[in-house]
>>> print(open('entry.cif').read())   # mmCIF, C-alpha atoms
data_model
loop_
_atom_site.group_PDB
_atom_site.id
_atom_site.type_symbol
_atom_site.label_atom_id
_atom_site.label_comp_id
_atom_site.auth_asym_id
_atom_site.auth_seq_id
_atom_site.Cartn_x
_atom_site.Cartn_y
_atom_site.Cartn_z
ATOM 1 C CA GLU A 1 5.575 -27.381 -29.892
ATOM 2 C CA LEU A 2 7.775 -25.611 -27.360
ATOM 3 C CA ALA A 3 10.347 -25.021 -30.083
ATOM 4 C CA GLY A 4 7.914 -22.627 -31.752
ATOM 5 C CA TYR A 5 7.304 -20.915 -28.441
ATOM 6 C CA GLU A 6 11.031 -20.586 -27.864
ATOM 7 C CA GLU A 7 11.586 -19.209 -31.347
ATOM 8 C CA GLU A 8 8.882 -16.572 -31.074
ATOM 9 C CA SER A 9 10.046 -15.718 -27.573
ATOM 10 C CA SER A 10 13.769 -15.738 -28.133
ATOM 11 C CA GLU A 11 14.232 -12.094 -29.052
ATOM 12 C CA ILE A 12 15.539 -10.102 -26.122
ATOM 13 C CA MET A 13 13.339 -7.066 -25.744
ATOM 14 C CA GLU A 14 14.957 -3.683 -26.177
ATOM 15 C CA GLU A 15 14.059 -0.898 -23.774
ATOM 16 C CA GLU A 16 12.411 1.410 -26.304
ATOM 17 C CA PHE A 17 10.280 3.607 -24.093
ATOM 18 C CA ASN A 18 7.345 5.712 -25.173
ATOM 19 C CA ASP A 19 6.679 8.731 -22.979
ATOM 20 C CA GLU A 20 2.931 8.139 -23.297
ATOM 21 C CA ILE A 21 3.222 4.837 -21.423
ATOM 22 C CA PRO A 22 2.744 5.486 -17.678
ATOM 23 C CA GLN A 23 5.750 4.937 -15.454
ATOM 24 C CA SER A 24 5.733 2.665 -12.428
ATOM 25 C CA MET A 25 5.036 4.383 -9.132
ATOM 26 C CA MET A 26 8.239 4.938 -7.172
ATOM 27 C CA PRO A 27 9.115 6.530 -3.817
ATOM 28 C CA THR A 28 10.444 10.068 -3.931
ATOM 29 C CA MET A 29 13.722 11.085 -2.334
ATOM 30 C CA SER A 30 14.933 14.542 -1.362
ATOM 31 C CA PRO A 31 17.722 15.901 0.852
ATOM 32 C CA GLU A 32 15.124 16.563 3.558
ATOM 33 C CA ILE A 33 13.760 13.009 3.439
ATOM 34 C CA PHE A 34 17.271 11.575 3.405
ATOM 35 C CA GLN A 35 18.186 13.622 6.486
ATOM 36 C CA GLU A 36 14.993 12.571 8.281
ATOM 37 C CA LEU A 37 15.714 8.906 7.656
ATOM 38 C CA HIS A 38 19.360 9.357 8.656
ATOM 39 C CA ASP A 39 18.330 10.961 11.964
ATOM 40 C CA VAL A 40 15.925 8.080 12.675
ATOM 41 C CA TYR A 41 18.652 5.555 11.902
ATOM 42 C CA LEU A 42 21.011 7.219 14.386
ATOM 43 C CA LEU A 43 18.237 7.246 16.982
ATOM 44 C CA PHE A 44 17.337 3.545 16.725
ATOM 45 C CA TYR A 45 20.395 1.701 15.485
ATOM 46 C CA ASN A 46 22.329 -0.153 18.159
ATOM 47 C CA GLU A 47 25.215 -2.546 17.594
ATOM 48 C CA THR A 48 24.238 -4.533 20.677
ATOM 49 C CA LEU A 49 20.938 -6.412 20.982
ATOM 50 C CA ASP A 50 18.152 -5.005 23.150
ATOM 51 C CA ASP A 51 17.616 -7.153 26.237
ATOM 52 C CA GLU A 52 13.988 -6.018 26.427
ATOM 53 C CA ASP A 53 13.196 -7.003 22.838
ATOM 54 C CA GLU A 54 11.500 -10.427 22.587
ATOM 55 C CA ASP A 55 13.064 -10.973 19.148
ATOM 56 C CA THR A 56 16.483 -11.045 20.802
ATOM 57 C CA TYR A 57 15.602 -14.389 22.407
ATOM 58 C CA ASP A 58 13.872 -15.889 19.352
ATOM 59 C CA VAL A 59 16.565 -17.739 17.401
ATOM 60 C CA SER A 60 14.368 -17.878 14.294
ATOM 61 C CA MET A 61 14.387 -14.063 14.097
ATOM 62 C CA VAL A 62 18.222 -13.897 13.892
ATOM 63 C CA ALA A 63 18.033 -10.388 15.344
ATOM 64 C CA GLU A 64 21.812 -9.975 15.289
ATOM 65 C CA TYR A 65 21.790 -10.199 11.471
ATOM 66 C CA SER A 66 18.600 -8.235 10.721
ATOM 67 C CA PRO A 67 20.259 -5.013 9.459
ATOM 68 C CA GLU A 68 22.565 -6.923 7.106
ATOM 69 C CA ILE A 69 19.739 -9.177 5.896
ATOM 70 C CA PHE A 70 17.462 -6.285 4.997
ATOM 71 C CA ASN A 71 20.268 -4.293 3.405
ATOM 72 C CA TYR A 72 20.824 -7.304 1.145
ATOM 73 C CA LEU A 73 17.087 -7.620 0.402
ATOM 74 C CA HIS A 74 17.009 -3.941 -0.609
ATOM 75 C CA THR A 75 19.868 -4.652 -3.018
ATOM 76 C CA LEU A 76 17.992 -7.607 -4.509
ATOM 77 C CA GLU A 77 14.730 -5.716 -4.965
ATOM 78 C CA VAL A 78 16.580 -3.301 -7.254
ATOM 79 C CA LYS A 79 18.567 -5.991 -9.065
ATOM 80 C CA LEU A 80 15.532 -8.199 -9.752
ATOM 81 C CA ARG A 81 13.147 -5.404 -10.742
ATOM 82 C CA PRO A 82 11.142 -6.034 -13.942
ATOM 83 C CA ASN A 83 11.001 -3.453 -16.709
ATOM 84 C CA PRO A 84 7.779 -1.551 -15.831
ATOM 85 C CA ARG A 85 7.147 -0.764 -19.512
ATOM 86 C CA TYR A 86 7.716 -4.189 -21.014
ATOM 87 C CA MET A 87 4.210 -4.319 -22.482
ATOM 88 C CA GLU A 88 5.265 -1.738 -25.052
ATOM 89 C CA ALA A 89 7.452 -4.364 -26.719
ATOM 90 C CA GLN A 90 4.852 -7.165 -26.572
ATOM 91 C CA THR A 91 3.046 -7.558 -29.886
ATOM 92 C CA GLU A 92 0.085 -9.731 -28.803
ATOM 93 C CA LEU A 93 -0.391 -8.819 -25.136
ATOM 94 C CA LYS A 94 -2.016 -5.860 -23.375
ATOM 95 C CA TRP A 95 -2.091 -4.761 -19.732
ATOM 96 C CA ASN A 96 -5.710 -5.869 -19.334
ATOM 97 C CA MET A 97 -4.675 -9.392 -20.394
ATOM 98 C CA ARG A 98 -2.118 -9.402 -17.605
ATOM 99 C CA SER A 99 -4.892 -8.485 -15.154
ATOM 100 C CA ILE A 100 -7.052 -11.371 -16.391
ATOM 101 C CA LEU A 101 -4.158 -13.830 -16.060
ATOM 102 C CA ILE A 102 -3.284 -12.719 -12.529
ATOM 103 C CA ASP A 103 -6.935 -12.747 -11.434
ATOM 104 C CA TRP A 104 -7.025 -16.396 -12.548
ATOM 105 C CA LEU A 105 -3.760 -17.106 -10.733
ATOM 106 C CA VAL A 106 -5.183 -15.603 -7.527
ATOM 107 C CA GLN A 107 -8.032 -18.110 -7.729
ATOM 108 C CA VAL A 108 -5.673 -21.043 -8.374
ATOM 109 C CA HIS A 109 -3.333 -19.882 -5.617
ATOM 110 C CA SER A 110 -6.265 -19.748 -3.209
ATOM 111 C CA ARG A 111 -7.531 -23.198 -4.237
ATOM 112 C CA PHE A 112 -4.156 -24.741 -3.522
ATOM 113 C CA ASN A 113 -4.042 -22.804 -0.236
ATOM 114 C CA LEU A 114 -0.554 -21.485 -0.974
ATOM 115 C CA LEU A 115 1.442 -18.894 0.954
ATOM 116 C CA PRO A 116 1.140 -15.168 0.130
ATOM 117 C CA GLU A 117 4.849 -15.158 -0.731
ATOM 118 C CA THR A 118 4.167 -17.636 -3.533
ATOM 119 C CA LEU A 119 1.678 -15.325 -5.253
ATOM 120 C CA PHE A 120 3.999 -12.312 -5.155
ATOM 121 C CA LEU A 121 6.936 -14.384 -6.401
ATOM 122 C CA THR A 122 4.792 -15.787 -9.226
ATOM 123 C CA VAL A 123 3.926 -12.296 -10.444
ATOM 124 C CA ASN A 124 7.567 -11.207 -10.268
ATOM 125 C CA TYR A 125 8.616 -14.196 -12.404
ATOM 126 C CA ILE A 126 5.923 -13.371 -14.974
ATOM 127 C CA ASP A 127 6.885 -9.696 -15.198
ATOM 128 C CA ARG A 128 10.621 -10.394 -15.372
ATOM 129 C CA PHE A 129 10.110 -13.075 -18.025
ATOM 130 C CA LEU A 130 7.958 -10.740 -20.123
ATOM 131 C CA SER A 131 10.608 -8.052 -19.688
ATOM 132 C CA LYS A 132 13.042 -10.290 -21.566
ATOM 133 C CA ARG A 133 10.951 -12.297 -24.018
ATOM 134 C CA LYS A 134 8.053 -11.693 -26.363
ATOM 135 C CA VAL A 135 5.222 -14.138 -25.738
ATOM 136 C CA SER A 136 2.260 -15.042 -27.926
ATOM 137 C CA LEU A 137 -1.248 -14.888 -26.515
ATOM 138 C CA SER A 138 -1.603 -18.652 -26.950
ATOM 139 C CA ARG A 139 1.363 -19.186 -24.594
ATOM 140 C CA PHE A 140 0.492 -16.512 -22.049
ATOM 141 C CA GLN A 141 -1.379 -18.829 -19.679
ATOM 142 C CA LEU A 142 1.531 -21.261 -19.844
ATOM 143 C CA VAL A 143 3.845 -18.490 -18.623
ATOM 144 C CA GLY A 144 1.541 -17.871 -15.638
ATOM 145 C CA ALA A 145 1.118 -21.544 -14.790
ATOM 146 C CA VAL A 146 4.856 -22.265 -14.977
ATOM 147 C CA ALA A 147 5.675 -19.169 -12.889
ATOM 148 C CA LEU A 148 3.309 -20.437 -10.177
ATOM 149 C CA PHE A 149 4.829 -23.933 -10.421
ATOM 150 C CA ILE A 150 8.368 -22.590 -9.884
ATOM 151 C CA ALA A 151 7.366 -20.115 -7.170
ATOM 152 C CA ALA A 152 5.579 -22.860 -5.220
ATOM 153 C CA LYS A 153 8.707 -25.020 -5.374
ATOM 154 C CA TYR A 154 10.709 -22.107 -4.005
ATOM 155 C CA GLU A 155 8.362 -21.111 -1.163
ATOM 156 C CA GLU A 156 6.162 -24.050 -0.193
ATOM 157 C CA ILE A 157 6.733 -27.211 1.819
ATOM 158 C CA ASN A 158 4.004 -29.046 -0.110
ATOM 159 C CA CYS A 159 3.677 -27.687 -3.633
ATOM 160 C CA PRO A 160 1.361 -28.632 -6.523
ATOM 161 C CA SER A 161 2.550 -31.476 -8.764
ATOM 162 C CA VAL A 162 3.121 -30.987 -12.469
ATOM 163 C CA ASN A 163 -0.020 -33.052 -13.113
ATOM 164 C CA GLU A 164 -2.033 -30.671 -10.952
ATOM 165 C CA ILE A 165 -0.607 -27.738 -12.893
ATOM 166 C CA ALA A 166 -1.646 -29.436 -16.148
ATOM 167 C CA TYR A 167 -5.130 -29.987 -14.712
ATOM 168 C CA MET A 168 -5.526 -26.360 -13.655
ATOM 169 C CA VAL A 169 -4.868 -25.213 -17.252
ATOM 170 C CA ASP A 170 -7.494 -27.749 -18.394
ATOM 171 C CA HIS A 171 -4.745 -29.728 -20.152
ATOM 172 C CA ALA A 172 -4.283 -26.948 -22.705
ATOM 173 C CA TYR A 173 -0.586 -27.752 -22.308
ATOM 174 C CA SER A 174 0.900 -31.178 -21.737
ATOM 175 C CA VAL A 175 3.073 -32.170 -18.783
ATOM 176 C CA GLU A 176 6.057 -32.168 -21.144
ATOM 177 C CA ASP A 177 5.158 -28.638 -22.319
ATOM 178 C CA ILE A 178 5.106 -27.448 -18.720
ATOM 179 C CA LEU A 179 8.424 -29.078 -17.794
ATOM 180 C CA ARG A 180 10.187 -27.749 -20.883
ATOM 181 C CA ALA A 181 8.728 -24.291 -20.331
ATOM 182 C CA GLU A 182 9.887 -24.460 -16.711
ATOM 183 C CA ARG A 183 13.468 -25.080 -17.794
ATOM 184 C CA PHE A 184 13.228 -22.294 -20.352
ATOM 185 C CA MET A 185 11.866 -19.755 -17.832
ATOM 186 C CA ILE A 186 14.549 -20.570 -15.260
ATOM 187 C CA ASP A 187 17.176 -20.139 -17.956
ATOM 188 C CA VAL A 188 15.751 -16.773 -19.090
ATOM 189 C CA LEU A 189 15.665 -15.573 -15.471
ATOM 190 C CA GLU A 190 19.292 -16.722 -15.170
ATOM 191 C CA PHE A 191 18.501 -18.845 -12.100
ATOM 192 C CA GLU A 192 17.815 -15.631 -10.122
ATOM 193 C CA MET A 193 14.748 -16.974 -8.317
ATOM 194 C CA GLY A 194 15.215 -15.303 -4.914
ATOM 195 C CA TRP A 195 13.355 -12.032 -5.415
ATOM 196 C CA PRO A 196 12.542 -10.562 -1.963
ATOM 197 C CA GLY A 197 8.757 -10.198 -1.911
ATOM 198 C CA PRO A 198 6.882 -7.611 0.155
ATOM 199 C CA MET A 199 5.882 -10.012 2.955
ATOM 200 C CA SER A 200 9.348 -9.965 4.537
ATOM 201 C CA PHE A 201 9.327 -6.176 4.504
ATOM 202 C CA LEU A 202 5.784 -6.099 5.912
ATOM 203 C CA ARG A 203 6.814 -8.264 8.862
ATOM 204 C CA ARG A 204 9.782 -5.988 9.464
ATOM 205 C CA THR A 205 7.574 -2.872 9.443
ATOM 206 C CA SER A 206 5.018 -4.608 11.695
ATOM 207 C CA LYS A 207 7.658 -4.759 14.418
ATOM 208 C CA ALA A 208 6.944 -1.068 15.064
ATOM 209 C CA ASP A 209 3.363 -2.100 15.991
ATOM 210 C CA ASP A 210 4.462 -5.122 18.001
ATOM 211 C CA TYR A 211 3.245 -7.303 15.112
ATOM 212 C CA ASP A 212 -0.404 -6.231 15.505
ATOM 213 C CA PHE A 213 -2.498 -8.874 13.707
ATOM 214 C CA GLU A 214 -5.392 -6.645 12.653
ATOM 215 C CA THR A 215 -3.120 -4.011 11.125
ATOM 216 C CA ARG A 216 -1.073 -6.568 9.244
ATOM 217 C CA THR A 217 -4.102 -8.477 7.916
ATOM 218 C CA LEU A 218 -5.603 -5.321 6.422
ATOM 219 C CA ALA A 219 -2.176 -4.402 5.045
ATOM 220 C CA LYS A 220 -2.013 -7.811 3.327
ATOM 221 C CA TYR A 221 -5.205 -6.950 1.449
ATOM 222 C CA PHE A 222 -3.750 -3.654 0.235
ATOM 223 C CA LEU A 223 -0.515 -5.408 -0.699
ATOM 224 C CA GLU A 224 -2.246 -8.118 -2.661
ATOM 225 C CA ILE A 225 -4.202 -5.711 -4.864
ATOM 226 C CA THR A 226 -0.903 -4.291 -6.138
ATOM 227 C CA VAL A 227 -0.331 -7.441 -8.207
ATOM 228 C CA MET A 228 -3.336 -6.519 -10.360
ATOM 229 C CA ASP A 229 -2.218 -2.998 -11.221
ATOM 230 C CA TYR A 230 0.381 -2.141 -13.883
ATOM 231 C CA ARG A 231 1.279 1.028 -11.951
ATOM 232 C CA PHE A 232 3.111 -1.149 -9.420
ATOM 233 C CA VAL A 233 4.974 -3.492 -11.792
ATOM 234 C CA GLY A 234 8.371 -1.916 -11.110
ATOM 235 C CA SER A 235 7.672 -0.544 -7.632
ATOM 236 C CA PRO A 236 10.032 -1.678 -4.830
ATOM 237 C CA PRO A 237 8.315 -4.339 -2.686
ATOM 238 C CA SER A 238 9.681 -2.672 0.466
ATOM 239 C CA TRP A 239 7.852 0.534 -0.484
ATOM 240 C CA LEU A 240 4.620 -1.310 -1.322
ATOM 241 C CA ALA A 241 4.760 -3.108 2.046
ATOM 242 C CA ALA A 242 5.363 0.138 3.924
ATOM 243 C CA GLY A 243 2.569 1.911 2.012
ATOM 244 C CA ALA A 244 0.108 -0.911 2.699
ATOM 245 C CA HIS A 245 0.989 -0.785 6.396
ATOM 246 C CA TYR A 246 0.718 3.009 6.442
ATOM 247 C CA LEU A 247 -2.764 2.906 4.868
ATOM 248 C CA SER A 248 -3.877 0.104 7.178
ATOM 249 C CA ARG A 249 -2.949 2.137 10.248
ATOM 250 C CA LEU A 250 -4.711 5.166 8.772
ATOM 251 C CA LEU A 251 -8.015 3.325 8.258
ATOM 252 C CA LEU A 252 -7.795 1.660 11.673
ATOM 253 C CA ASN A 253 -7.012 4.963 13.416
ATOM 254 C CA ARG A 254 -3.740 3.680 14.813
ATOM 255 C CA GLY A 255 -2.148 7.129 15.016
ATOM 256 C CA GLU A 256 0.793 8.821 13.336
ATOM 257 C CA TRP A 257 3.597 7.219 11.329
ATOM 258 C CA THR A 258 6.222 7.234 14.065
ATOM 259 C CA ALA A 259 10.010 7.285 14.047
ATOM 260 C CA ALA A 260 9.916 3.538 14.777
ATOM 261 C CA HIS A 261 7.824 2.966 11.653
ATOM 262 C CA MET A 262 10.299 5.002 9.619
ATOM 263 C CA TYR A 263 13.218 3.007 10.998
ATOM 264 C CA TYR A 264 11.748 -0.447 10.398
ATOM 265 C CA SER A 265 10.205 0.380 7.010
ATOM 266 C CA GLY A 266 12.864 2.736 5.670
ATOM 267 C CA TYR A 267 10.262 5.264 4.469
ATOM 268 C CA THR A 268 8.763 8.523 5.731
ATOM 269 C CA ALA A 269 5.067 9.385 5.693
ATOM 270 C CA ASP A 270 5.680 11.845 2.836
ATOM 271 C CA GLN A 271 7.093 9.026 0.708
ATOM 272 C CA LEU A 272 4.123 6.754 1.461
ATOM 273 C CA ARG A 273 1.207 9.167 1.128
ATOM 274 C CA PRO A 274 0.980 9.100 -2.721
ATOM 275 C CA LEU A 275 1.074 5.294 -2.649
ATOM 276 C CA ALA A 276 -1.645 5.170 0.023
ATOM 277 C CA TYR A 277 -3.880 7.390 -2.134
ATOM 278 C CA ALA A 278 -3.329 5.112 -5.147
ATOM 279 C CA LEU A 279 -4.148 1.976 -3.128
ATOM 280 C CA LEU A 280 -7.273 3.594 -1.719
ATOM 281 C CA ASP A 281 -8.342 4.677 -5.196
ATOM 282 C CA ALA A 282 -7.930 1.075 -6.416
ATOM 283 C CA CYS A 283 -10.416 -0.016 -3.729
ATOM 284 C CA ARG A 284 -13.215 2.270 -4.964
ATOM 285 C CA ASN A 285 -14.281 -0.225 -7.641
ATOM 286 C CA PRO A 286 -12.943 -3.498 -6.237
ATOM 287 C CA GLU A 287 -15.032 -5.821 -8.424
ATOM 288 C CA GLU A 288 -13.559 -4.192 -11.518
ATOM 289 C CA HIS A 289 -10.007 -3.712 -10.251
ATOM 290 C CA HIS A 290 -9.384 -6.926 -8.254
ATOM 291 C CA LYS A 291 -12.506 -9.099 -8.207
ATOM 292 C CA SER A 292 -10.974 -12.381 -6.964
ATOM 293 C CA ILE A 293 -8.901 -10.663 -4.279
ATOM 294 C CA TYR A 294 -11.940 -8.669 -3.171
ATOM 295 C CA GLU A 295 -13.961 -11.872 -2.773
ATOM 296 C CA LYS A 296 -11.083 -13.696 -1.096
ATOM 297 C CA TYR A 297 -10.666 -11.008 1.566
ATOM 298 C CA GLN A 298 -14.363 -11.153 2.446
ATOM 299 C CA GLU A 299 -13.610 -14.390 4.271
ATOM 300 C CA ARG A 300 -13.550 -14.529 8.045
ATOM 301 C CA ARG A 301 -9.929 -15.720 8.174
ATOM 302 C CA PHE A 302 -8.941 -12.400 6.593
ATOM 303 C CA ARG A 303 -11.149 -10.485 9.031
ATOM 304 C CA ARG A 304 -13.354 -9.472 6.081
ATOM 305 C CA SER A 305 -10.815 -6.775 5.243
ATOM 306 C CA SER A 306 -12.212 -5.928 1.804
ATOM 307 C CA LEU A 307 -15.698 -5.331 3.265
ATOM 308 C CA PHE A 308 -14.193 -3.209 6.040
ATOM 309 C CA VAL A 309 -12.628 -0.909 3.427
ATOM 310 C CA GLN A 310 -15.989 -0.488 1.678
ATOM 311 C CA GLU A 311 -17.624 0.360 5.010
ATOM 312 C CA TRP A 312 -14.858 2.880 5.646
ATOM 313 C CA PHE A 313 -15.648 4.556 2.317
ATOM 314 C CA LYS A 314 -19.340 4.813 3.259
ATOM 315 C CA LEU A 315 -18.534 6.360 6.626
ATOM 316 C CA ALA A 316 -16.011 8.763 5.113
ATOM 317 C CA GLU A 317 -18.467 9.905 2.442
ATOM 318 C CA SER A 318 -21.378 10.272 4.869
ATOM 319 C CA GLY A 319 -19.189 12.170 7.347
#
>>> encode(input="entry.cif", output="structure tokens")
Amino acid sequence: ELAGYEEESSEIMEEEFNDEIPQSMMPTMSPEIFQELHDVYLLFYNETLDDEDEDTYDVSMVAEYSPEIFNYLHTLEVKLRPNPRYMEAQTELKWNMRSILIDWLVQVHSRFNLLPETLFLTVNYIDRFLSKRKVSLSRFQLVGAVALFIAAKYEEINCPSVNEIAYMVDHAYSVEDILRAERFMIDVLEFEMGWPGPMSFLRRTSKADDYDFETRTLAKYFLEITVMDYRFVGSPPSWLAAGAHYLSRLLLNRGEWTAAHMYYSGYTADQLRPLAYALLDACRNPEEHHKSIYEKYQERRFRRSSLFVQEWFKLAESG
């Protein structure tokens, strides 16, 4: 059975772009922005560790390697970027089908109580796989299930078993189907499984706010809704993380986007404003745009972030 899947999926997709297909949202860059970021870098960068910084004494933070680590992650986010217009080359799939699949994956991810990193990595695997192979509608759920299976192995300590994966797809695919598809996906992705998701960048940006829990929790909500929207398929995860943090601070009245925020995120307020508007717009009809995520973030453990955003809209419109 997988042989048929492999045959119909074996054609490498050509990048034949149609100008009518919307491009992925990307950060802008200008000489002025570049100079602003350069000035901030000169202001904050120090070759010696800060004795007053708590991270200096936390061995798990490896503060002495942070600049090199994040420079490498920025390189990877470009290298492992999916083709944002891959759907143009798919013959049986549409963008709304991707939304349905990911909404289902959000529910499964939540049921297994997996890490946020696992969800973002799952979506990256799906988008990169679909950027390289055509997939039939009958195999689309298998792609999602296998992507989650691999991502959980990469990120989790305790990950779902292959039998649990088979159960969650209601045994539409056998255990052997899943294992063979897993090998095929890893091969197509050329064993490049270490895409740097937005959570690492969000933690880095949060350093400018002394890792404020409320700001970061709301930012996680904004970050998570990006997986549902085709406009963000090719967007850099560092930019999405910074934009989510920027919008979170805006709604919580945390003040201006400071030089420290620019240094730790790598983006200016001008670069983040269009993204913040797009994220806010996506929250206007949450049950249509990201139903499962909206319901998930109504829970107390997420500080009812999705409900807070709706209350913010009411106050903003009444004011």
>>> atom_distance(input="entry.cif", atom1="atom CA of A:Phe184", atom2="atom CA of A:Glu117")
22.5 Å
>>> resolve_selection(input="entry.cif", expression="the PyMOL selection byres ((chain A and resi 63-76) around 9)", output="list in words")
Glu47, Thr48, Leu49, Asp55, Thr56, Tyr57, Asp58, Val59, Ser60, Met61, Val62, Glu77, Val78, Lys79, Leu80, Arg81, Gly194, Trp195, Pro196, Ser200, Phe201, Arg204, Pro236, Pro237 and Ser238 of chain A
>>> residues_around(input="entry.cif", residues="A:Leu307", least_positions_apart="4", cutoff="9 Å", atoms="only C-alpha atoms", output="MDAnalysis selection string")
chainID A and resid 294 297:298 303 311:312
>>> write_last_selection(input="entry.cif", atoms="C-alpha atoms", output="PDB file, in the coordinates of the input")
ATOM      1  CA  TYR A 294     -11.940  -8.669  -3.171  1.00  0.00           C
ATOM      2  CA  TYR A 297     -10.666 -11.008   1.566  1.00  0.00           C
ATOM      3  CA  GLN A 298     -14.363 -11.153   2.446  1.00  0.00           C
ATOM      4  CA  ARG A 303     -11.149 -10.485   9.031  1.00  0.00           C
ATOM      5  CA  GLU A 311     -17.624   0.360   5.010  1.00  0.00           C
ATOM      6  CA  TRP A 312     -14.858   2.880   5.646  1.00  0.00           C
TER       7      TRP A 312
END
>>> atom_distance(input="entry.cif", atom1="atom CA of A:Val146", atom2="atom CA of A:Ala181")
6.9 Å
>>> resolve_selection(input="entry.cif", expression="the PyMOL selection byres ((chain A and resi 105) around 8)", output="ChimeraX atom specification")
/A:101-104,106-109,119,144-145,148
>>> closest_residue(input="entry.cif", among="A:Lys132, A:Ala152, A:Glu287, A:Val162", to="A:Ile225", atoms="all atoms listed in the file")
A:Glu287
>>> atom_distance(input="entry.cif", atom1="atom CA of A:Ala282", atom2="atom CA of A:Thr28")
20.6 Å
>>> residues_around(input="entry.cif", residues="stretch 256-266 of chain A", least_positions_apart="6", cutoff="7 Å", atoms="all atoms listed in the file", output="list in words")
Leu37, Val40, Tyr41, Arg204, Thr205, Ala208 and Ala242 of chain A
>>> residues_near_point(input="entry.cif", point="(8.4, -21.3, -14.5)", cutoff="7 Å", atoms="all atoms listed in the file", output="compact mmCIF listing (two decimals) with C-alpha atoms, in the frame of the given file")
# COMPACT_ATOMS: atom_id res chain seq x y z
CA VAL A 143 3.84 -18.49 -18.62
CA VAL A 146 4.86 -22.26 -14.98
CA ALA A 147 5.68 -19.17 -12.89
CA LEU A 148 3.31 -20.44 -10.18
CA PHE A 149 4.83 -23.93 -10.42
CA ILE A 150 8.37 -22.59 -9.88
CA ALA A 181 8.73 -24.29 -20.33
CA GLU A 182 9.89 -24.46 -16.71
CA MET A 185 11.87 -19.76 -17.83
CA ILE A 186 14.55 -20.57 -15.26
>>> closest_residue(input="entry.cif", among="A:Val233, A:Leu42, A:Ile33, A:Met168", to="A:Arg128", atoms="all atoms listed in the file")
A:Val233
>>> closest_residue(input="entry.cif", among="A:Gln310, A:Ser292, A:Thr268, A:Ser174", to="A:Phe34", atoms="all atoms listed in the file")
A:Thr268
>>> residues_near_point(input="entry.cif", point="(4.4, -0.8, -12.9)", cutoff="7 Å", atoms="all atoms listed in the file", output="MDAnalysis selection string")
chainID A and resid 23:25 84 230:235
